[in-house]
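Content type mmCIF, C-alpha atoms, from the file query_6.cif:
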```
data_protein
#
loop_
_atom_site.label_atom_id
_atom_site.label_comp_id
_atom_site.auth_asym_id
_atom_site.auth_seq_id
_atom_site.Cartn_x
_atom_site.Cartn_y
_atom_site.Cartn_z
CA MET A 1 218.83 -22.79 132.23
CA SER A 2 221.30 -23.84 134.91
CA LYS A 3 220.25 -24.37 138.52
CA PRO A 4 222.42 -21.52 139.94
CA LEU A 5 220.94 -19.14 137.33
CA ILE A 6 217.39 -20.18 138.33
CA GLY A 7 218.38 -19.58 141.97
CA VAL A 8 219.77 -16.10 141.18
CA ILE A 9 216.74 -15.02 139.11
CA LEU A 10 214.17 -16.35 141.58
CA GLY A 11 216.12 -15.02 144.58
CA ALA A 12 216.42 -11.57 142.95
CA VAL A 13 212.73 -11.39 141.93
CA LEU A 14 211.49 -12.46 145.35
CA GLY A 15 214.06 -10.15 146.98
CA VAL A 16 212.74 -7.16 145.02
CA ILE A 17 209.13 -8.03 145.97
CA ASP A 18 210.24 -8.54 149.56
CA GLY A 19 211.94 -5.13 149.62
CA LEU A 20 209.08 -3.29 147.91
CA THR A 21 206.64 -4.39 150.61
CA ALA A 22 208.52 -2.02 152.96
CA TRP A 23 206.61 0.77 151.20
CA PHE A 24 203.55 -0.25 153.17
CA THR A 25 205.40 0.52 156.41
CA PRO A 26 205.43 4.35 156.65
CA ALA A 27 208.19 4.37 159.27
CA VAL A 28 210.76 2.96 156.81
CA ARG A 29 209.32 4.30 153.55
CA ASP A 30 212.08 6.90 153.15
CA GLN A 31 214.69 4.10 153.21
CA LEU A 32 212.90 2.08 150.52
CA GLY A 33 215.75 2.22 147.95
CA GLY A 34 218.30 0.82 150.40
CA ILE A 35 215.87 -1.83 151.61
CA VAL A 36 215.10 -3.01 148.06
CA ILE A 37 218.80 -3.16 147.15
CA GLY A 38 219.66 -5.00 150.36
CA SER A 39 216.76 -7.38 150.02
CA THR A 40 217.63 -8.09 146.37
CA LEU A 41 221.27 -8.75 147.26
CA LYS A 42 220.14 -11.07 150.04
CA GLY A 43 217.93 -12.95 147.53
CA ILE A 44 220.77 -13.19 145.01
CA ILE A 45 223.23 -14.51 147.62
CA ALA A 46 220.66 -17.06 148.82
CA GLY A 47 219.87 -18.01 145.19
CA ILE A 48 223.55 -18.55 144.31
CA ALA A 49 224.18 -20.68 147.42
CA ILE A 50 221.02 -22.75 147.00
CA GLY A 51 221.50 -23.06 143.22
CA PHE A 52 225.06 -24.38 143.54
CA PHE A 53 223.90 -26.74 146.28
CA ALA A 54 221.18 -28.07 143.94
CA LYS A 55 223.79 -28.58 141.23
CA LYS A 56 225.81 -30.81 143.56
CA PHE A 57 223.04 -32.59 145.49
CA HIS A 58 219.98 -33.93 143.73
CA SER A 59 217.43 -34.40 146.50
CA LEU A 60 214.19 -32.45 146.80
CA PRO A 61 213.84 -32.76 150.62
CA ILE A 62 217.50 -31.94 151.29
CA GLY A 63 217.35 -29.05 148.82
CA ILE A 64 214.28 -27.62 150.54
CA VAL A 65 215.86 -27.95 154.00
CA PHE A 66 219.07 -26.32 152.76
CA GLY A 67 217.03 -23.49 151.20
CA LEU A 68 215.15 -23.00 154.46
CA LEU A 69 218.38 -22.81 156.48
CA VAL A 70 220.13 -20.41 154.09
CA GLY A 71 217.02 -18.20 153.84
CA ALA A 72 216.56 -18.18 157.61
CA PHE A 73 220.24 -17.47 158.32
CA LEU A 74 220.50 -14.54 155.87
CA ALA A 75 217.21 -13.10 157.13
CA TRP A 76 218.39 -13.44 160.74
CA LEU A 77 221.60 -11.63 159.78
CA VAL A 78 219.59 -8.73 158.30
CA ALA A 79 217.26 -8.59 161.33
CA PHE A 80 220.26 -8.75 163.69
CA MET A 81 221.99 -5.85 161.90
CA GLN A 82 218.75 -3.90 161.97
CA GLY A 83 218.18 -4.74 165.60
CA GLY A 84 214.50 -5.65 165.35
CA TYR A 85 211.59 -6.93 163.25
CA TYR A 86 212.93 -10.51 163.68
CA PHE A 87 209.64 -12.25 162.97
CA GLU A 88 208.71 -9.99 160.04
CA ILE A 89 212.10 -10.47 158.39
CA ILE A 90 213.00 -14.08 159.25
CA LEU A 91 209.66 -15.69 158.29
CA PRO A 92 209.48 -14.27 154.73
CA GLY A 93 213.23 -14.82 154.24
CA THR A 94 212.87 -18.45 155.27
CA LEU A 95 209.95 -18.93 152.88
CA VAL A 96 211.97 -17.36 150.05
CA GLY A 97 214.73 -19.90 150.80
CA LEU A 98 212.19 -22.73 150.72
CA ILE A 99 210.81 -21.58 147.35
CA VAL A 100 214.28 -21.21 145.82
CA GLY A 101 215.35 -24.59 147.30
CA PHE A 102 212.32 -26.29 145.77
CA ALA A 103 212.63 -24.56 142.39
CA THR A 104 216.34 -25.23 141.96
CA GLN A 105 215.85 -28.94 142.73
CA LYS A 106 212.87 -29.29 140.42
CA TYR A 107 213.94 -27.13 137.48
CA GLY A 108 217.09 -26.33 135.59
CA ASN A 109 219.69 -28.43 133.82
CA THR A 110 222.58 -30.15 135.42
CA PRO A 111 225.51 -30.02 133.00
CA ALA A 112 226.57 -33.49 131.81
CA THR A 113 229.95 -34.70 133.01
CA ALA A 114 232.40 -34.61 130.14
CA ASN A 115 234.35 -37.81 129.48
CA SER A 116 237.92 -37.08 128.58
CA MET B 1 173.94 -102.72 128.26
CA LYS B 2 175.77 -100.26 130.47
CA TRP B 3 175.38 -96.50 129.91
CA LEU B 4 178.30 -94.13 130.37
CA SER B 5 177.88 -91.42 132.94
CA ASP B 6 177.99 -87.71 131.92
CA ASP B 7 181.30 -87.30 133.72
CA LYS B 8 182.87 -90.12 131.75
CA LEU B 9 181.42 -88.77 128.52
CA ASP B 10 182.86 -85.30 129.28
CA HIS B 11 186.22 -86.86 130.04
CA LEU B 12 186.21 -88.78 126.75
CA ARG B 13 185.20 -85.65 124.86
CA THR B 14 188.07 -83.71 126.45
CA VAL B 15 190.59 -86.43 125.64
CA VAL B 16 189.49 -86.46 122.00
CA THR B 17 189.38 -82.66 121.62
CA ASN B 18 192.55 -81.69 123.46
CA PRO B 19 195.91 -81.89 121.75
CA ASP B 20 198.18 -84.83 122.48
CA PHE B 21 201.37 -83.45 124.01
CA SER B 22 202.71 -86.91 124.95
CA SER B 23 205.68 -86.70 122.56
CA THR B 24 206.68 -83.28 123.87
CA LYS B 25 208.04 -81.97 127.14
CA TYR B 26 204.68 -80.34 127.92
CA THR B 27 201.79 -81.55 130.09
CA PHE B 28 198.34 -80.35 129.11
CA ILE B 29 196.48 -78.41 131.83
CA LYS B 30 193.52 -76.61 130.25
CA GLU B 31 192.29 -74.63 127.28
CA LEU B 32 192.76 -70.87 127.56
CA GLY B 33 191.04 -69.66 124.42
CA ARG B 34 190.17 -70.42 120.84
CA GLY B 35 190.44 -68.33 117.67
CA GLY B 36 189.85 -68.77 113.97
CA MET B 37 193.15 -70.45 113.24
CA GLY B 38 194.18 -72.06 116.48
CA ALA B 39 193.52 -72.62 120.14
CA VAL B 40 195.72 -71.65 123.07
CA TYR B 41 196.30 -74.08 125.93
CA LEU B 42 197.90 -73.81 129.32
CA ALA B 43 200.57 -76.45 129.79
CA GLU B 44 203.47 -77.23 132.06
CA ASP B 45 207.01 -77.41 130.73
CA ARG B 46 208.27 -80.46 132.65
CA GLU B 47 211.95 -79.80 131.93
CA LEU B 48 211.99 -76.20 133.12
CA ASN B 49 209.14 -76.68 135.56
CA ARG B 50 207.16 -73.65 134.45
CA LEU B 51 203.78 -72.86 132.94
CA VAL B 52 203.60 -71.96 129.27
CA ALA B 53 200.86 -71.01 126.83
CA ILE B 54 200.80 -73.23 123.74
CA LYS B 55 199.13 -72.23 120.51
CA VAL B 56 198.05 -75.20 118.36
CA LEU B 57 196.34 -75.24 114.95
CA ASN B 58 192.69 -76.12 115.30
CA THR B 59 192.58 -79.30 113.23
CA PRO B 60 195.16 -81.68 111.76
CA GLU B 61 193.42 -81.56 108.34
CA ILE B 62 194.97 -78.26 107.50
CA SER B 63 196.86 -77.07 104.46
CA GLU B 64 200.61 -76.86 104.23
CA ASP B 65 200.15 -73.10 103.88
CA MET B 66 198.50 -72.92 107.29
CA ARG B 67 201.31 -74.95 108.86
CA ASN B 68 203.84 -72.59 107.30
CA ARG B 69 201.80 -69.68 108.56
CA MET B 70 201.96 -70.94 112.15
CA VAL B 71 205.71 -71.49 111.95
CA ARG B 72 206.15 -68.07 110.37
CA GLU B 73 204.04 -66.48 113.11
CA ALA B 74 206.26 -68.11 115.72
CA GLN B 75 209.37 -66.93 113.86
CA ILE B 76 208.06 -63.36 113.61
CA ILE B 77 207.30 -63.18 117.34
CA ALA B 78 210.61 -64.83 118.22
CA GLY B 79 212.38 -62.18 116.13
CA LEU B 80 210.69 -59.37 118.02
CA GLU B 81 212.58 -59.47 121.29
CA HIS B 82 210.96 -56.71 123.30
CA PRO B 83 209.52 -56.56 126.85
CA GLY B 84 206.16 -55.60 125.34
CA ILE B 85 205.94 -58.58 123.00
CA VAL B 86 205.20 -62.03 124.40
CA PRO B 87 208.31 -64.22 123.88
CA VAL B 88 208.18 -67.56 122.05
CA HIS B 89 210.09 -70.39 123.76
CA ASP B 90 209.66 -73.31 121.40
CA VAL B 91 208.08 -74.51 118.16
CA GLY B 92 207.26 -78.09 117.16
CA THR B 93 204.82 -80.63 115.72
CA LEU B 94 202.35 -82.84 117.60
CA PRO B 95 201.99 -86.57 116.84
CA ASP B 96 198.87 -85.80 114.76
CA GLY B 97 200.89 -83.41 112.56
CA ARG B 98 199.61 -80.17 114.02
CA VAL B 99 202.14 -77.38 114.44
CA PHE B 100 202.38 -75.72 117.84
CA TYR B 101 204.46 -73.08 119.48
CA ALA B 102 205.01 -72.46 123.18
CA MET B 103 205.18 -68.94 124.56
CA LYS B 104 205.33 -67.20 127.90
CA PHE B 105 202.18 -67.69 129.96
CA VAL B 106 201.12 -64.19 130.98
CA ARG B 107 199.32 -63.95 134.30
CA GLY B 108 197.14 -60.89 134.42
CA SER B 109 194.21 -59.42 132.60
CA ARG B 110 193.35 -58.21 129.12
CA LEU B 111 193.36 -54.45 128.54
CA ASP B 112 189.55 -54.32 128.40
CA GLU B 113 189.33 -56.19 131.73
CA TYR B 114 192.02 -53.94 133.20
CA ALA B 115 190.14 -50.81 132.06
CA ALA B 116 186.92 -52.14 133.62
CA VAL B 117 188.49 -52.06 137.09
CA ASN B 118 190.99 -49.20 136.71
CA ASP B 119 189.52 -45.83 135.78
CA SER B 120 192.65 -43.71 136.36
CA ILE B 121 193.27 -41.92 133.07
CA ARG B 122 196.99 -41.57 133.79
CA ASP B 123 197.39 -45.31 134.45
CA ARG B 124 195.51 -46.13 131.28
CA LEU B 125 197.61 -43.69 129.25
CA ARG B 126 200.83 -45.16 130.65
CA LYS B 127 199.73 -48.66 129.62
CA PHE B 128 198.69 -47.33 126.24
CA GLN B 129 202.08 -45.70 125.75
CA ALA B 130 203.75 -49.04 126.51
CA VAL B 131 201.57 -50.64 123.81
CA CYS B 132 202.64 -47.93 121.34
CA ASP B 133 206.29 -48.57 122.18
CA ALA B 134 205.95 -52.33 121.59
CA VAL B 135 204.16 -51.71 118.28
CA ALA B 136 206.77 -49.10 117.28
CA PHE B 137 209.47 -51.72 117.95
CA ALA B 138 207.69 -54.18 115.66
CA HIS B 139 207.35 -51.47 112.99
CA ALA B 140 211.06 -50.73 113.23
CA HIS B 141 211.59 -54.42 112.41
CA GLY B 142 209.28 -54.20 109.44
CA VAL B 143 206.27 -55.95 111.01
CA ILE B 144 202.75 -54.56 111.28
CA HIS B 145 200.29 -56.26 113.62
CA ARG B 146 196.98 -55.63 111.77
CA ASP B 147 194.74 -56.76 114.64
CA LEU B 148 195.44 -54.44 117.56
CA LYS B 149 192.53 -54.32 120.02
CA PRO B 150 192.13 -54.39 123.82
CA GLN B 151 191.52 -58.15 123.72
CA ASN B 152 195.00 -58.68 122.20
CA ILE B 153 196.79 -56.67 124.89
CA MET B 154 197.62 -58.20 128.26
CA ILE B 155 198.50 -56.39 131.46
CA GLY B 156 200.67 -58.69 133.58
CA SER B 157 200.43 -59.01 137.35
CA PHE B 158 203.36 -56.61 137.79
CA GLY B 159 201.86 -54.03 135.44
CA GLU B 160 203.86 -55.12 132.39
CA VAL B 161 202.16 -54.67 129.04
CA LEU B 162 202.30 -57.38 126.36
CA VAL B 163 200.96 -57.31 122.82
CA LEU B 164 199.63 -60.72 121.79
CA ASP B 165 198.28 -62.52 118.74
CA TRP B 166 200.57 -61.73 115.85
CA GLY B 167 198.71 -64.32 113.76
CA VAL B 168 197.73 -61.88 111.00
CA ALA B 169 200.86 -59.73 111.16
CA LYS B 170 202.41 -58.58 107.91
CA ILE B 171 206.05 -58.13 107.00
CA LEU B 172 206.65 -54.82 105.23
CA LYS B 173 210.38 -55.12 104.87
CA LYS B 174 213.20 -57.36 105.89
CA PRO B 175 214.58 -56.35 109.26
CA TYR B 176 217.46 -53.86 109.27
CA THR B 177 217.12 -53.06 105.57
CA ASN B 178 215.52 -50.18 103.72
CA HIS B 179 213.58 -52.24 101.17
CA THR B 180 210.25 -50.87 102.31
CA ASN B 181 207.28 -52.48 100.63
CA GLN B 182 209.39 -54.15 97.97
CA SER B 183 208.49 -57.58 99.17
CA VAL B 184 205.12 -57.32 100.82
CA GLN B 185 204.33 -60.58 102.56
CA SER B 186 201.85 -61.76 105.09
CA VAL B 187 203.01 -64.02 107.88
CA ASN B 188 202.69 -67.18 105.82
CA GLY B 189 205.23 -65.91 103.34
CA PHE B 190 202.59 -65.62 100.66
CA ASN B 191 200.78 -62.54 99.46
CA THR B 192 197.39 -62.03 101.03
CA SER B 193 195.10 -61.37 98.09
CA ALA B 194 193.65 -57.90 97.64
CA GLY B 195 190.10 -57.62 98.92
CA THR B 196 190.75 -59.89 101.90
CA ILE B 197 189.61 -58.21 105.11
CA ILE B 198 191.86 -58.98 108.05
CA GLY B 199 191.39 -57.59 111.54
CA THR B 200 188.53 -56.59 113.85
CA ARG B 201 185.98 -54.17 112.41
CA ASP B 202 185.79 -51.69 115.31
CA TYR B 203 189.56 -51.34 115.41
CA MET B 204 190.61 -51.57 111.77
CA SER B 205 191.59 -48.64 109.55
CA PRO B 206 189.35 -47.66 106.62
CA GLU B 207 191.91 -48.97 104.09
CA GLN B 208 192.02 -52.28 105.99
CA ALA B 209 188.22 -52.47 106.05
CA ARG B 210 188.18 -51.94 102.27
CA GLY B 211 190.55 -54.88 101.89
CA GLU B 212 193.30 -52.73 100.37
CA ILE B 213 196.01 -55.11 101.51
CA ASP B 214 198.74 -53.51 99.38
CA GLN B 215 198.01 -50.08 100.85
CA LEU B 216 198.57 -51.15 104.45
CA ASP B 217 201.55 -49.74 106.29
CA GLU B 218 202.43 -48.70 109.86
CA ARG B 219 199.64 -46.14 109.81
CA ALA B 220 197.04 -48.92 109.73
CA ASP B 221 198.33 -49.94 113.18
CA VAL B 222 198.37 -46.26 114.21
CA TYR B 223 194.64 -46.14 113.40
CA SER B 224 194.02 -49.28 115.50
CA LEU B 225 196.04 -47.75 118.34
CA GLY B 226 193.82 -44.66 118.07
CA ALA B 227 190.78 -46.93 118.34
CA VAL B 228 192.28 -48.59 121.43
CA LEU B 229 192.90 -45.10 122.89
CA HIS B 230 189.30 -44.18 122.11
CA PHE B 231 188.19 -47.32 123.98
CA LEU B 232 190.29 -46.25 126.99
CA LEU B 233 188.97 -42.68 126.98
CA LYS B 234 185.31 -43.20 126.16
CA ASP B 235 184.16 -43.74 129.76
CA GLN B 236 186.22 -40.80 131.10
CA PRO B 237 184.02 -37.80 131.97
CA LYS B 238 186.71 -35.25 131.02
CA PRO B 239 189.57 -36.80 129.09
CA GLY B 240 190.83 -33.34 128.09
CA LYS B 241 191.01 -31.63 124.70
CA ALA B 242 194.61 -32.68 124.08
CA ALA B 243 193.81 -36.38 124.69
CA GLU B 244 190.79 -36.16 122.41
CA ALA B 245 192.87 -34.46 119.72
CA ILE B 246 195.49 -37.22 119.90
CA CYS B 247 192.74 -39.81 119.55
CA LEU B 248 191.21 -38.01 116.55
CA LYS B 249 194.56 -37.59 114.82
CA ALA B 250 195.45 -41.27 115.27
CA ARG B 251 192.03 -42.29 113.93
CA ALA B 252 191.94 -39.93 110.96
CA ASP B 253 190.25 -41.49 107.93
CA ALA B 254 193.02 -40.41 105.59
CA LYS B 255 196.23 -42.10 106.59
CA ASP B 256 198.28 -39.01 105.65
CA ASP B 257 196.44 -37.12 108.40
CA ARG B 258 197.43 -39.67 111.07
CA TYR B 259 200.63 -39.87 113.06
CA SER B 260 203.25 -41.20 110.70
CA SER B 261 204.40 -43.80 113.23
CA ALA B 262 203.51 -45.45 116.52
CA SER B 263 206.59 -43.86 118.11
CA GLU B 264 205.28 -40.40 117.13
CA LEU B 265 201.97 -41.28 118.79
CA SER B 266 203.82 -42.60 121.85
CA ALA B 267 205.82 -39.34 122.06
CA ASP B 268 202.60 -37.29 122.06
CA ILE B 269 201.15 -39.49 124.82
CA GLY B 270 204.37 -38.94 126.78
CA ARG B 271 204.03 -35.18 126.36
CA LEU B 272 200.40 -35.38 127.48
CA LEU B 273 201.44 -37.30 130.62
CA ASP B 274 204.20 -34.75 131.34
CA ALA B 275 201.75 -31.83 130.90
CA GLU B 276 203.71 -30.64 127.86
CA PRO B 277 202.06 -29.30 124.68
CA VAL B 278 201.10 -32.09 122.27
CA SER B 279 201.55 -31.95 118.50
CA ALA B 280 197.90 -32.83 117.84
CA TYR B 281 196.43 -29.83 119.61
CA ARG B 282 197.19 -26.10 119.44
CA GLU B 283 196.27 -24.60 122.79
CA ASN B 284 195.39 -20.95 123.48
CA ALA B 285 197.13 -18.70 126.05
CA PHE B 286 194.68 -19.56 128.85
CA GLU B 287 195.09 -23.27 128.29
CA LYS B 288 198.88 -22.84 128.23
CA ALA B 289 198.77 -20.95 131.53
CA GLY B 290 196.40 -23.52 133.05
CA ARG B 291 198.68 -26.37 132.00
CA TRP B 292 201.72 -24.57 133.48
CA VAL B 293 199.93 -23.94 136.77
CA SER B 294 198.70 -27.53 136.89
CA LYS B 295 202.22 -28.83 136.21
CA ASN B 296 203.85 -26.51 138.76
CA ARG B 297 201.09 -26.62 141.35
CA PHE B 298 203.43 -26.84 144.35
CA LEU B 299 205.62 -23.93 143.28
CA VAL B 300 202.54 -21.79 142.58
CA LEU B 301 201.15 -22.64 146.03
CA LEU B 302 204.47 -21.70 147.66
CA VAL B 303 204.63 -18.33 145.90
CA LEU B 304 200.97 -17.68 146.75
CA ALA B 305 201.64 -18.57 150.39
CA TYR B 306 204.60 -16.17 150.35
CA LEU B 307 202.54 -13.34 148.86
CA LEU B 308 199.68 -13.95 151.32
CA MET B 309 202.15 -13.79 154.16
CA ARG B 310 203.56 -10.48 152.86
CA ILE B 311 200.04 -9.06 152.66
CA PHE B 312 199.37 -10.29 156.20
CA PHE B 313 202.50 -8.50 157.50
CA VAL B 314 201.59 -5.32 155.64
CA PHE B 315 198.24 -5.11 157.40
CA THR B 316 199.39 -6.29 160.83
CA SER B 317 202.44 -3.97 160.96
CA ARG B 318 200.38 -0.81 160.31
CA PRO B 319 200.14 1.52 163.33
#
```
Render the structure in this file as C-alpha cells.
Amino acid sequence: MSKPLIGVILGAVLGVIDGLTAWFTPAVRDQLGGIVIGSTLKGIIAGIAIGFFAKKFHSLPIGIVFGLLVGAFLAWLVAFMQGGYYFEIILPGTLVGLIVGFATQKYGNTPATANS
Amino acid sequence: MKWLSDDKLDHLRTVVTNPDFSSTKYTFIKELGRGGMGAVYLAEDRELNRLVAIKVLNTPEISEDMRNRMVREAQIIAGLEHPGIVPVHDVGTLPDGRVFYAMKFVRGSRLDEYAAVNDSIRDRLRKFQAVCDAVAFAHAHGVIHRDLKPQNIMIGSFGEVLVLDWGVAKILKKPYTNHTNQSVQSVNGFNTSAGTIIGTRDYMSPEQARGEIDQLDERADVYSLGAVLHFLLKDQPKPGKAAEAICLKARADAKDDRYSSASELSADIGRLLDAEPVSAYRENAFEKAGRWVSKNRFLVLLVLAYLLMRIFFVFTSRP
C-alpha cells in the first residue's frame, strides 16, 4: 500500500469518527450529516498532503511535525469558518494529523525509482 | 650440587612445550587453548605488527594424514570469506615439522560467556541469527561444520559474531557446482569411516551421534544450531511460543522435520525479531492481534489517546 493511500484511508476513518462524535453534542445533532462529510473531507485532504509528504521525505520526526501542522491548520480553518469551538476542533484535528504523520512515515511502500 | 628453582623449572617446561616460531615471522606470546588435534597460541606478527592466533598440531610425531588435515582445514576456512567466519592469514611448517596456520585473533568472549552476562533475548537472537548466516554461507559453499556449539562461537568486542573451529568440517560438494554428495569428504580429503562419532554430544544431531557419517548434510548443522538456540533460551523465563517452536523444529529428531537449511532458520529468526509470523508456529487470532499490537504499540497508543480525548470532549461539552 502506498503512503498517500495509507494517509487517505487513515485520514478518512479518523475524520468519520471525529464527525460522528458530534452526535453527543445535542446542539449540533441535526447537522450531523454535514459535519461527518466535512470532517471526512478534512481528514482526506490532510491524509493526501501528509501521505505525499511522507513519500518525498523519509523522516519520522519531520513527518510527525508536518502532520501536526497540517492537522492543526485544517482544524483551525474549520473552527474559524464555524466561528467557535476552537479548542474542541483544533486539538483533535492536530492529533489526527500527528497519527497520520506517524503512520505514513512508518508504514506503506515507497515506489522504487525506475532506471531508464 | 645446585638445585633449580621452581621458576626456572617452569620456564624450561614452557620452552620445551611451546612451539618454536623462530623460523617464522611470529613471536610466541602465550597459549590460548588446547583441543584434541591442536593447540592455539597467541603470537605477534612482526612484519604486520599485529596479534594473531596460531593453531599448531599437538605433537610432531603425527601422521601425514593429520598434517594434510590441518592444511585442508586452513584451506577450507580460507575459502570461506565471510564476516562471520574467522579469516586465515597464513599457513606454514615449524622447524620440528608441525603444520600451523595463523588466523585473526578475535578479542571478545565466547557465546556461552556472552550469554552469561547478557540476558536480553533480542540481543541473543540477533547474535544467533548472525551465526545462522555464517553457517548458511558455509553450506552454500558445500561445507558443513559438524561441531557447532557456544564454545565455538566468538562475539568480538564490537559485537561481531565469528564461527570458529572448522577442524571437523566436512565437504559435501565442490564449491559452485551441483555435485551434491557425489564426493563426500572430510576435511583431510579422506572419507571418515562410518561409525565414527564427530562433534559434541549435547549439540550433535541424532544421525551424527549414531555415527552415520554418510547421512550427514546441512540439516545436521541445523540441529546443532537448534541446540545452540536452546542453550540461549533455556534461562529465559518467557521466551515465547514462537521462539520455542523454532527451537523444536530445528532440533527435530527426524531431519526431514527440521528446517531444510540454516538460511531458512535464519529467516524465521528474522521474522521473530520483526514480530512477523514464523513458519514454525501457527498462531491463533488472539496471538495475531497481540503480536500486531505489540509491533505497533506507538500507533495504538496514539489512537487510544485520540479516542480518550474525544470521550473527554463529549462529557465536558455537555450542558
Quick one: apply the PyMOL selection byres ((chain A) within 7 of (chain B)) to the file and drop the selected residues here as an NGL selection string.
-> :A and (24-25 or 88 or 92 or 95 or 99)
Given the file above and the PyMOL selection byres ((chain A and resi 65) around 12), which residues are selected, and can you give them as a ChimeraX atom specification?
-> /A:50,53-54,59-64,66-72,94-102,105
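Applied to the file shown here, the PyMOL selection byres ((chain B and resi 22) around 12) selects Asn18, Pro19, Asp20, Phe21, Ser23, Thr24, Lys25, Tyr26, Thr27, Phe28, Ala43, Asp45, Arg46, Thr93, Leu94, Pro95 and Asp96 of chain B.
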If we count only C-alpha atoms, what is near region 78-91 of chain B at a cut-off of 9 Å, once residues fewer than 2 positions away on the same chain are taken out, given as a PyMOL selection string?
-> chain B and resi 52+71+73-76+93+99-106+130-131+133-135+137-138+141+143+160-165
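The two atoms in question, CA of Arg201 (chain B) and CA of Ser224 (chain B), are spaced 9.9 Å apart.
Near Trp23 (chain A), within 8 Å and counting all atoms listed in the file, sit Val28, Arg29 and Leu32 of chain A; same-chain residues fewer than 5 positions away were not included.
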Please write the residues from the selection above to a file, keeping C-alpha atoms, as a PDB file, keeping the file's coordinate frame.
```pdb
ATOM      1  CA  VAL A  28     210.760   2.960 156.810  1.00  0.00           C
ATOM      2  CA  ARG A  29     209.320   4.300 153.550  1.00  0.00           C
ATOM      3  CA  LEU A  32     212.900   2.080 150.520  1.00  0.00           C
TER       4      LEU A  32
END
```
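Using all atoms listed in the file, the protein and nucleic acid residues lying at most 8 Å from the point (193.8, -56.6, 117.7) are His145, Arg146, Asp147, Leu148, Lys149, Pro150, Gln151, Asn152, Ile153, Asp165, Gly199, Thr200, Tyr203 and Ser224 of chain B.
Closest approach to Phe52 (chain A) among A:Pro4, A:Gly108, A:Gly83, A:Gly38: A:Pro4, based on only C-alpha atoms.
Nearest residue to Ala254 (chain B) among B:Asn284, B:Asn68, B:Gln215, B:Asn58 is B:Gln215, counting only C-alpha atoms.
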Long-range neighbours of Ser120 (chain B) as a list in words, 12 Å cut-off, all atoms listed in the file, 3 positions minimum in chain = Tyr114, Ala115, Ala116, Val117, Asp123, Arg124, Leu125, Arg126, Lys127, Leu232, Leu233, Asp235, Gln236, Pro237, Lys238 and Pro239 of chain B
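As for CA of Gly108 (chain B) and CA of Ala227 (chain B), they are spaced 22.2 Å apart.
For the pair CA of Lys55 (chain B) and CA of Thr17 (chain B), the interatomic distance is 14.3 Å.
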